[in-house]
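A.B. asks: The structure that follows is given in the form of structure tokens.
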Amino acid sequence: MAEVFDCSDPSQLLAGTRTARRAIGQGELIVLPTDTVYGVAADAFTPEAVERLLAAKGRGRQSPPPVLIPNTGTLAALAAEVTEPITALAEAFWPGGLTIITRANPSLSWDLGETGGTVALRIPNHPLALEILQETGPLAVSSANLTGQPAARSAAEARGMLGDAIAVYLEAGEVAGGGTASTIVDATETTAEGGALRILRAGGVTREAIAELLPKVAIEG
């Protein structure tokens, strides 16, 4: 039976974060708010938990989840190389609505699915999400909905779709960003000289803002 915590109540907030951290440590799933939409989260380094996340959403290994991280130091640990354009993007738009795909550090012992050796990373701009990430470390997080359905803007909406596949729901009210998903960019072809960057999904960060920040990078998509 899923546990639901109203995080607007200070006593439930404390109990909820503790219960959520424990659930992640046990390989279970939680739903938490982010600055874009509500997400369903699993320990990124527990393959069984990631499989559970994909199954809950009705997705296969060909759709690996992004990874939320607490700080840019974690970016350096998870990425095979942090190019100058990636550093610029992170400094300008994190925490916030930009997901950066980069080559994954080959020494990482995780299995997010069929990633092709890449990882999609983001720092969310939400205090509760960041608090949990500081405690748990990187979390595989996908929008809290069944595949093909609208992304949940509250924990209640998420529970209506995901039910008891989730151990803990953290309700913090409707997301402030109006449910706009993050912009996703493929930065695997960026270099110190510039290189190329591909926008895979438009969202919270505009193409114009990215192009202005990276004048030496060819922006595609």
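Ordered as shown in the structure tokens, chains take letters A, B, and onward, while each chain numbers its residues from 1 and ligands are numbered from 1 in the order shown.
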Once you count only C-alpha atoms, what closest atom pair and distance in Å to one decimal does each residue of segment 119-169 of chain A within 12 Å of segment 92-97 of chain A have, with rows by chain and rising residue number, as a tab-separated table?

C.D. replies:
residue	atom	partner	partner_atom	distance
A:Leu121	CA	A:Trp94	CA	10.3
A:Arg122	CA	A:Trp94	CA	7.3
A:Ile123	CA	A:Pro95	CA	4.7
A:Pro124	CA	A:Pro95	CA	5.1
A:Asn125	CA	A:Pro95	CA	4.7
A:His126	CA	A:Pro95	CA	8.2
A:Pro127	CA	A:Pro95	CA	10.3
A:Ala129	CA	A:Pro95	CA	11.0
A:Leu130	CA	A:Pro95	CA	9.3

A.B. asks: For the selection just defined, write its residues with all heavy atoms to a file, as a short mmCIF file (atom, residue, chain, number, x, y, z; two decimals), in the first residue's frame.

C.D. replies:
data_model
loop_
_atom_site.label_atom_id
_atom_site.label_comp_id
_atom_site.auth_asym_id
_atom_site.auth_seq_id
_atom_site.Cartn_x
_atom_site.Cartn_y
_atom_site.Cartn_z
N LEU A 121 21.27 14.23 -17.89
CA LEU A 121 21.42 14.75 -16.53
C LEU A 121 20.71 16.09 -16.37
O LEU A 121 20.64 16.89 -17.30
CB LEU A 121 22.91 14.94 -16.21
CG LEU A 121 23.78 13.68 -16.27
CD1 LEU A 121 25.25 14.05 -16.14
CD2 LEU A 121 23.39 12.70 -15.18
N ARG A 122 20.22 16.33 -15.13
CA ARG A 122 19.59 17.61 -14.82
C ARG A 122 19.65 17.86 -13.32
O ARG A 122 19.59 16.92 -12.53
CB ARG A 122 18.13 17.61 -15.29
CG ARG A 122 17.44 18.97 -15.12
CD ARG A 122 16.12 19.00 -15.86
NE ARG A 122 15.01 18.52 -15.07
CZ ARG A 122 14.27 19.26 -14.25
NH1 ARG A 122 14.57 20.55 -14.07
NH2 ARG A 122 13.26 18.76 -13.59
N ILE A 123 19.77 19.12 -12.93
CA ILE A 123 19.59 19.54 -11.54
C ILE A 123 18.25 20.26 -11.47
O ILE A 123 18.08 21.30 -12.12
CB ILE A 123 20.71 20.48 -11.06
CG1 ILE A 123 22.07 19.79 -11.13
CG2 ILE A 123 20.44 20.93 -9.62
CD1 ILE A 123 23.23 20.68 -10.72
N PRO A 124 17.29 19.73 -10.72
CA PRO A 124 15.97 20.38 -10.65
C PRO A 124 15.98 21.59 -9.74
O PRO A 124 16.72 21.63 -8.74
CB PRO A 124 15.08 19.27 -10.07
CG PRO A 124 16.01 18.48 -9.20
CD PRO A 124 17.35 18.50 -9.91
N ASN A 125 15.15 22.57 -10.06
CA ASN A 125 15.06 23.78 -9.25
C ASN A 125 13.86 23.66 -8.31
O ASN A 125 12.86 24.39 -8.43
CB ASN A 125 14.93 25.01 -10.15
CG ASN A 125 15.07 26.30 -9.38
OD1 ASN A 125 15.57 26.31 -8.25
ND2 ASN A 125 14.64 27.40 -9.97
N HIS A 126 13.96 22.71 -7.39
CA HIS A 126 12.89 22.51 -6.40
C HIS A 126 13.54 22.12 -5.08
O HIS A 126 14.30 21.15 -5.02
CB HIS A 126 11.91 21.44 -6.86
CG HIS A 126 10.65 21.40 -6.07
ND1 HIS A 126 10.60 20.91 -4.79
CD2 HIS A 126 9.39 21.81 -6.36
CE1 HIS A 126 9.36 21.02 -4.33
NE2 HIS A 126 8.61 21.57 -5.26
N PRO A 127 13.24 22.83 -3.99
CA PRO A 127 13.93 22.56 -2.73
C PRO A 127 13.74 21.16 -2.18
O PRO A 127 14.68 20.57 -1.64
CB PRO A 127 13.36 23.63 -1.78
CG PRO A 127 12.09 24.08 -2.41
CD PRO A 127 12.29 23.95 -3.88
N ALA A 129 13.01 18.35 -3.92
CA ALA A 129 13.76 17.41 -4.77
C ALA A 129 15.25 17.49 -4.46
O ALA A 129 15.93 16.45 -4.35
CB ALA A 129 13.50 17.71 -6.24
N LEU A 130 15.78 18.69 -4.30
CA LEU A 130 17.21 18.85 -4.02
C LEU A 130 17.57 18.29 -2.65
O LEU A 130 18.64 17.68 -2.49
CB LEU A 130 17.60 20.32 -4.11
CG LEU A 130 17.64 20.90 -5.53
CD1 LEU A 130 17.81 22.41 -5.48
CD2 LEU A 130 18.75 20.26 -6.34
#

A.B. asks: Quick check for you: according to DSSP on this backbone, which residues of segment 88-217 of chain A are classed as strand (DSSP E)? Reply as a PyMOL selection string.

C.D. replies: chain A and resi 98-103+118-122+139-143+168-171+183-186+190-191+194-201

A.B. asks: Restrict the selected residues to N, CA and C atoms and save them as a tab-separated table (two decimals), in the first residue's frame.

C.D. replies:
chain	number	residue	atom	x	y	z
A	98	LEU	N	16.58	22.31	-17.97
A	98	LEU	CA	17.41	21.84	-19.07
A	98	LEU	C	18.01	20.49	-18.73
A	99	THR	N	17.77	19.51	-19.60
A	99	THR	CA	18.37	18.19	-19.46
A	99	THR	C	19.48	18.05	-20.49
A	100	ILE	N	20.68	17.71	-20.02
A	100	ILE	CA	21.86	17.62	-20.89
A	100	ILE	C	22.27	16.17	-21.07
A	101	ILE	N	22.30	15.72	-22.31
A	101	ILE	CA	22.78	14.37	-22.62
A	101	ILE	C	24.26	14.45	-22.93
A	102	THR	N	25.03	13.62	-22.23
A	102	THR	CA	26.48	13.58	-22.44
A	102	THR	C	26.94	12.13	-22.42
A	103	ARG	N	28.17	11.91	-22.78
A	103	ARG	CA	28.74	10.57	-22.69
A	103	ARG	C	28.89	10.20	-21.22
A	118	THR	N	25.39	6.86	-23.16
A	118	THR	CA	25.13	8.25	-22.78
A	118	THR	C	24.31	8.30	-21.49
A	119	VAL	N	24.19	9.50	-20.94
A	119	VAL	CA	23.32	9.71	-19.78
A	119	VAL	C	22.73	11.12	-19.90
A	120	ALA	N	21.45	11.23	-19.54
A	120	ALA	CA	20.75	12.52	-19.56
A	120	ALA	C	20.69	13.05	-18.13
A	121	LEU	N	21.27	14.23	-17.89
A	121	LEU	CA	21.42	14.75	-16.53
A	121	LEU	C	20.71	16.09	-16.37
A	122	ARG	N	20.22	16.33	-15.13
A	122	ARG	CA	19.59	17.61	-14.82
A	122	ARG	C	19.65	17.86	-13.32
A	139	LEU	N	19.36	10.09	-8.85
A	139	LEU	CA	18.12	9.32	-8.98
A	139	LEU	C	17.70	9.26	-10.45
A	140	ALA	N	17.36	8.06	-10.91
A	140	ALA	CA	16.72	7.92	-12.21
A	140	ALA	C	15.29	8.42	-12.05
A	141	VAL	N	14.92	9.42	-12.83
A	141	VAL	CA	13.62	10.06	-12.66
A	141	VAL	C	12.97	10.29	-14.02
A	142	SER	N	11.73	9.83	-14.14
A	142	SER	CA	10.94	10.08	-15.33
A	142	SER	C	9.62	10.71	-14.90
A	143	SER	N	8.95	11.36	-15.83
A	143	SER	CA	7.68	12.00	-15.47
A	143	SER	C	6.72	10.97	-14.87
A	168	VAL	N	6.02	5.58	-2.09
A	168	VAL	CA	5.83	6.83	-1.37
A	168	VAL	C	5.49	7.95	-2.34
A	169	TYR	N	4.42	8.69	-2.03
A	169	TYR	CA	4.05	9.89	-2.78
A	169	TYR	C	4.29	11.11	-1.90
A	170	LEU	N	5.05	12.07	-2.41
A	170	LEU	CA	5.27	13.33	-1.72
A	170	LEU	C	4.46	14.41	-2.42
A	171	GLU	N	3.39	14.85	-1.77
A	171	GLU	CA	2.50	15.86	-2.35
A	171	GLU	C	2.93	17.25	-1.89
A	183	THR	N	13.73	21.23	-21.41
A	183	THR	CA	14.33	21.12	-22.74
A	183	THR	C	15.42	20.04	-22.67
A	184	ILE	N	15.47	19.17	-23.68
A	184	ILE	CA	16.49	18.13	-23.72
A	184	ILE	C	17.46	18.43	-24.87
A	185	VAL	N	18.76	18.49	-24.55
A	185	VAL	CA	19.77	18.72	-25.58
A	185	VAL	C	20.79	17.59	-25.57
A	186	ASP	N	21.21	17.19	-26.76
A	186	ASP	CA	22.27	16.21	-26.93
A	186	ASP	C	23.58	16.96	-27.11
A	190	THR	N	29.66	18.22	-28.58
A	190	THR	CA	30.28	19.50	-28.29
A	190	THR	C	31.76	19.30	-27.97
A	191	THR	N	32.54	20.34	-28.24
A	191	THR	CA	33.99	20.29	-28.02
A	191	THR	C	34.46	21.62	-27.43
A	194	GLY	N	33.80	24.21	-29.86
A	194	GLY	CA	32.38	24.47	-30.14
A	194	GLY	C	31.63	23.20	-30.46
A	195	GLY	N	31.84	22.68	-31.68
A	195	GLY	CA	31.15	21.45	-32.08
A	195	GLY	C	29.68	21.71	-32.35
A	196	ALA	N	28.87	20.69	-32.12
A	196	ALA	CA	27.44	20.77	-32.43
A	196	ALA	C	26.62	20.30	-31.25
A	197	LEU	N	25.42	20.86	-31.14
A	197	LEU	CA	24.47	20.48	-30.09
A	197	LEU	C	23.11	20.33	-30.74
A	198	ARG	N	22.40	19.27	-30.37
A	198	ARG	CA	21.09	19.01	-30.97
A	198	ARG	C	20.00	19.13	-29.92
A	199	ILE	N	18.96	19.89	-30.22
A	199	ILE	CA	17.81	20.01	-29.33
A	199	ILE	C	16.83	18.89	-29.66
A	200	LEU	N	16.62	17.99	-28.70
A	200	LEU	CA	15.74	16.83	-28.91
A	200	LEU	C	14.31	17.11	-28.49
A	201	ARG	N	14.14	17.99	-27.51
A	201	ARG	CA	12.79	18.34	-27.06
A	201	ARG	C	12.79	19.79	-26.58

A.B. asks: If I take atom CA of Pro66 of chain A and atom CA of Val50 of chain A, how far is one from the other in Å, to one decimal?

C.D. replies: 10.7 Å

A.B. asks: Of the residues A:Ser109, A:Thr147, A:Thr19, A:Thr34, which is the one nearest to Gly58 of chain A, using only C-alpha atoms?

C.D. replies: A:Thr147

A.B. asks: For atom CA of Ala202 of chain A and atom CA of Thr87 of chain A, quote the distance in Å rounded to one decimal.

C.D. replies: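 Here the two named atoms are 20.1 Å from each other.
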
A.B. asks: Write out as a VMD selection string the set of residues from segment 25-126 of chain A that DSSP, computed on the backbone, places in alpha helix (DSSP H).

C.D. replies: chain A and resid 25 47 to 57 72 to 78 84 to 93

A.B. asks: Determine the nearest neighbour of Leu128 of chain A from the options A:Ala211, A:Arg59, A:Ala172, A:Phe5, counting only C-alpha atoms.

C.D. replies: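 Among the listed residues, A:Ala172 lies closest to Leu128 of chain A.
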
A.B. asks: Between A:Thr46, A:Ser154, A:Pro215, A:Leu146, which residue has the minimum interatomic distance to Ala176 of chain A, considering only C-alpha atoms?

C.D. replies: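 Smallest distance to Ala176 of chain A is found for A:Ser154.
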
A.B. asks: Skipping near chain neighbours, those fewer than 4 positions away, what residues fall within 8 Å of Ala152 of chain A using only C-alpha atoms, listed as a list in words?

C.D. replies: Val37, Tyr38, Gly39, Ser143, Ala144, Asn145, Glu157, Ala158 and Gly179 of chain A
